[in-house]
>>> print(open('work-v5.cif').read())   # mmCIF, C-alpha atoms
data_protein
#
loop_
_atom_site.label_atom_id
_atom_site.label_comp_id
_atom_site.auth_asym_id
_atom_site.auth_seq_id
_atom_site.Cartn_x
_atom_site.Cartn_y
_atom_site.Cartn_z
CA MET D 1 27.43 96.38 258.26
CA ARG D 2 24.44 97.37 260.33
CA GLY D 3 22.18 100.21 259.35
CA PRO D 4 21.10 102.96 261.73
CA GLU D 5 17.70 101.34 262.37
CA GLU D 6 19.25 97.98 263.27
CA ARG D 7 21.78 99.65 265.54
CA ALA D 8 19.05 101.67 267.26
CA ALA D 9 16.99 98.51 267.81
CA PHE D 10 20.02 96.75 269.30
CA ARG D 11 20.79 99.64 271.64
CA GLU D 12 17.14 99.79 272.75
CA PHE D 13 17.17 96.04 273.44
CA VAL D 14 20.34 96.36 275.53
CA ARG D 15 18.94 99.30 277.52
CA ARG D 16 15.74 97.42 278.26
CA HIS D 17 17.06 93.91 278.99
CA HIS D 18 20.57 94.34 280.41
CA PRO D 19 20.99 92.52 283.76
CA ASP D 20 22.58 95.59 285.37
CA VAL D 21 19.29 97.48 285.01
CA GLY D 22 17.07 94.64 286.21
CA GLY D 23 16.66 92.58 283.04
CA ASP D 24 16.60 88.80 282.84
CA PRO D 25 20.13 87.44 282.13
CA GLU D 26 18.86 84.47 280.09
CA GLU D 27 16.68 86.69 277.92
CA PHE D 28 19.58 89.09 277.45
CA VAL D 29 21.95 86.32 276.32
CA ALA D 30 19.30 84.91 273.97
CA GLY D 31 18.73 88.35 272.46
CA LEU D 32 22.46 88.96 271.99
CA THR D 33 22.77 85.60 270.26
CA ARG D 34 19.86 86.47 267.98
CA PHE D 35 21.32 89.89 267.08
CA ARG D 36 24.76 88.41 266.41
CA ARG D 37 23.32 85.63 264.27
CA ASP D 38 21.20 88.06 262.24
CA SER D 39 24.01 90.54 261.68
CA ALA D 40 26.65 87.96 260.74
CA ALA D 41 26.99 87.62 256.98
CA PRO D 42 27.33 84.05 255.75
CA GLN D 43 30.94 83.65 254.73
CA SER D 44 32.74 80.61 253.47
CA ASP D 45 36.45 79.87 253.65
CA VAL D 46 36.69 80.22 249.87
CA ASP D 47 35.63 83.89 250.05
CA ARG D 48 38.65 84.73 252.18
CA TYR D 49 41.08 83.74 249.46
CA ASP D 50 39.35 85.22 246.40
CA ALA D 51 40.72 88.75 246.82
CA PRO D 52 43.30 89.90 244.28
CA VAL D 53 46.91 89.95 245.40
CA SER D 54 48.72 93.26 245.02
CA PHE D 55 52.46 93.81 245.27
CA VAL D 56 54.07 97.07 246.33
CA GLN D 57 57.50 97.87 245.05
CA ARG D 58 59.53 100.03 247.40
CA ALA D 59 62.69 101.89 246.63
CA GLY D 60 65.84 99.97 247.44
CA GLY D 61 69.46 100.90 247.97
CA VAL D 62 70.28 104.48 248.88
CA ALA D 63 66.84 105.77 247.87
CA GLY D 64 65.22 103.21 250.18
CA MET D 65 67.41 104.22 253.10
CA VAL D 66 66.64 107.90 252.49
CA GLU D 67 62.91 107.09 252.58
CA VAL D 68 63.31 105.14 255.84
CA VAL D 69 65.13 108.06 257.48
CA ARG D 70 62.54 110.57 256.23
CA ARG D 71 59.68 108.44 257.57
CA TRP D 72 61.44 108.03 260.92
CA ARG D 73 62.08 111.79 261.28
CA ARG D 74 58.50 112.64 260.26
CA ARG D 75 57.07 110.24 262.86
CA ARG D 76 59.45 111.52 265.52
CA ARG D 77 58.12 115.07 265.08
CA GLU D 78 54.46 114.05 265.35
CA PRO D 79 52.73 114.01 268.72
CA PRO D 80 52.19 110.56 270.23
CA ARG D 81 49.04 108.72 269.17
CA VAL D 82 48.41 107.48 272.72
CA ARG D 83 47.58 109.94 275.46
#
>>> encode(input="work-v5.cif", output="structure tokens")
Amino acid sequence: MRGPEERAAFREFVRRHHPDVGGDPEEFVAGLTRFRRDSAAPQSDVDRYDAPVSFVQRAGGVAGMVEVVRRWRRRRREPPRVR
């Protein structure tokens, strides 16, 4: 994750070199590539599969159905998430 200084430097670069405000498009693309390369953490395919696996046991039968109905009614009463 980027720190505040790195984010501020990126925003300043974009303000100064964006083509919409008169910057050079090639320089802008090169700078974006540099920022993306520097901020990307090296990650191998093996790292993706090293996380522990966790299983969640949910209630089944009548208790499971009661929980489903409760969740449905609770969500129905909430305001919509999209405006």
>>> resolve_selection(input="work-v5.cif", expression="the PyMOL selection byres ((chain D and resi 10) around 12)", output="ChimeraX atom specification")
/D:2-9,11-18,28,31-36,38-39
>>> atom_distance(input="work-v5.cif", atom1="atom CA of D:Val69", atom2="atom CA of D:Val53")
28.4 Å
>>> atom_distance(input="work-v5.cif", atom1="atom CA of D:Val82", atom2="atom CA of D:Glu67")
24.8 Å
>>> atom_distance(input="work-v5.cif", atom1="atom CA of D:Glu27", atom2="atom CA of D:Ala40")
19.9 Å
>>> decode(input="work-v5.cif", residues="stretch 9-21 of chain D", atoms="N, CA and C atoms", output="PDB file, in the first residue's frame")
ATOM      1  N   ALA D   9       3.047  12.537  -4.159  1.00  0.00           N
ATOM      2  CA  ALA D   9       3.944  12.682  -5.309  1.00  0.00           C
ATOM      3  C   ALA D   9       3.243  12.249  -6.594  1.00  0.00           C
ATOM      4  N   PHE D  10       2.469  11.181  -6.521  1.00  0.00           N
ATOM      5  CA  PHE D  10       1.737  10.706  -7.694  1.00  0.00           C
ATOM      6  C   PHE D  10       0.702  11.738  -8.138  1.00  0.00           C
ATOM      7  N   ARG D  11      -0.049  12.279  -7.190  1.00  0.00           N
ATOM      8  CA  ARG D  11      -1.070  13.267  -7.529  1.00  0.00           C
ATOM      9  C   ARG D  11      -0.437  14.529  -8.132  1.00  0.00           C
ATOM     10  N   GLU D  12       0.701  14.946  -7.589  1.00  0.00           N
ATOM     11  CA  GLU D  12       1.404  16.108  -8.127  1.00  0.00           C
ATOM     12  C   GLU D  12       1.878  15.835  -9.554  1.00  0.00           C
ATOM     13  N   PHE D  13       2.394  14.634  -9.798  1.00  0.00           N
ATOM     14  CA  PHE D  13       2.821  14.263 -11.150  1.00  0.00           C
ATOM     15  C   PHE D  13       1.649  14.326 -12.119  1.00  0.00           C
ATOM     16  N   VAL D  14       0.503  13.775 -11.711  1.00  0.00           N
ATOM     17  CA  VAL D  14      -0.667  13.762 -12.592  1.00  0.00           C
ATOM     18  C   VAL D  14      -1.140  15.182 -12.866  1.00  0.00           C
ATOM     19  N   ARG D  15      -1.176  16.031 -11.851  1.00  0.00           N
ATOM     20  CA  ARG D  15      -1.605  17.426 -12.053  1.00  0.00           C
ATOM     21  C   ARG D  15      -0.682  18.162 -13.034  1.00  0.00           C
ATOM     22  N   ARG D  16       0.597  17.879 -12.944  1.00  0.00           N
ATOM     23  CA  ARG D  16       1.566  18.608 -13.753  1.00  0.00           C
ATOM     24  C   ARG D  16       1.657  18.077 -15.182  1.00  0.00           C
ATOM     25  N   HIS D  17       1.520  16.757 -15.386  1.00  0.00           N
ATOM     26  CA  HIS D  17       1.820  16.169 -16.688  1.00  0.00           C
ATOM     27  C   HIS D  17       0.616  15.601 -17.425  1.00  0.00           C
ATOM     28  N   HIS D  18      -0.586  15.746 -16.907  1.00  0.00           N
ATOM     29  CA  HIS D  18      -1.753  15.166 -17.575  1.00  0.00           C
ATOM     30  C   HIS D  18      -1.988  15.871 -18.918  1.00  0.00           C
ATOM     31  N   PRO D  19      -2.292  15.096 -19.970  1.00  0.00           N
ATOM     32  CA  PRO D  19      -2.508  15.710 -21.292  1.00  0.00           C
ATOM     33  C   PRO D  19      -3.665  16.705 -21.331  1.00  0.00           C
ATOM     34  N   ASP D  20      -4.653  16.559 -20.479  1.00  0.00           N
ATOM     35  CA  ASP D  20      -5.787  17.488 -20.484  1.00  0.00           C
ATOM     36  C   ASP D  20      -5.406  18.887 -20.012  1.00  0.00           C
ATOM     37  N   VAL D  21      -4.286  19.008 -19.305  1.00  0.00           N
ATOM     38  CA  VAL D  21      -3.844  20.327 -18.842  1.00  0.00           C
ATOM     39  C   VAL D  21      -2.574  20.770 -19.562  1.00  0.00           C
TER      40      VAL D  21
END
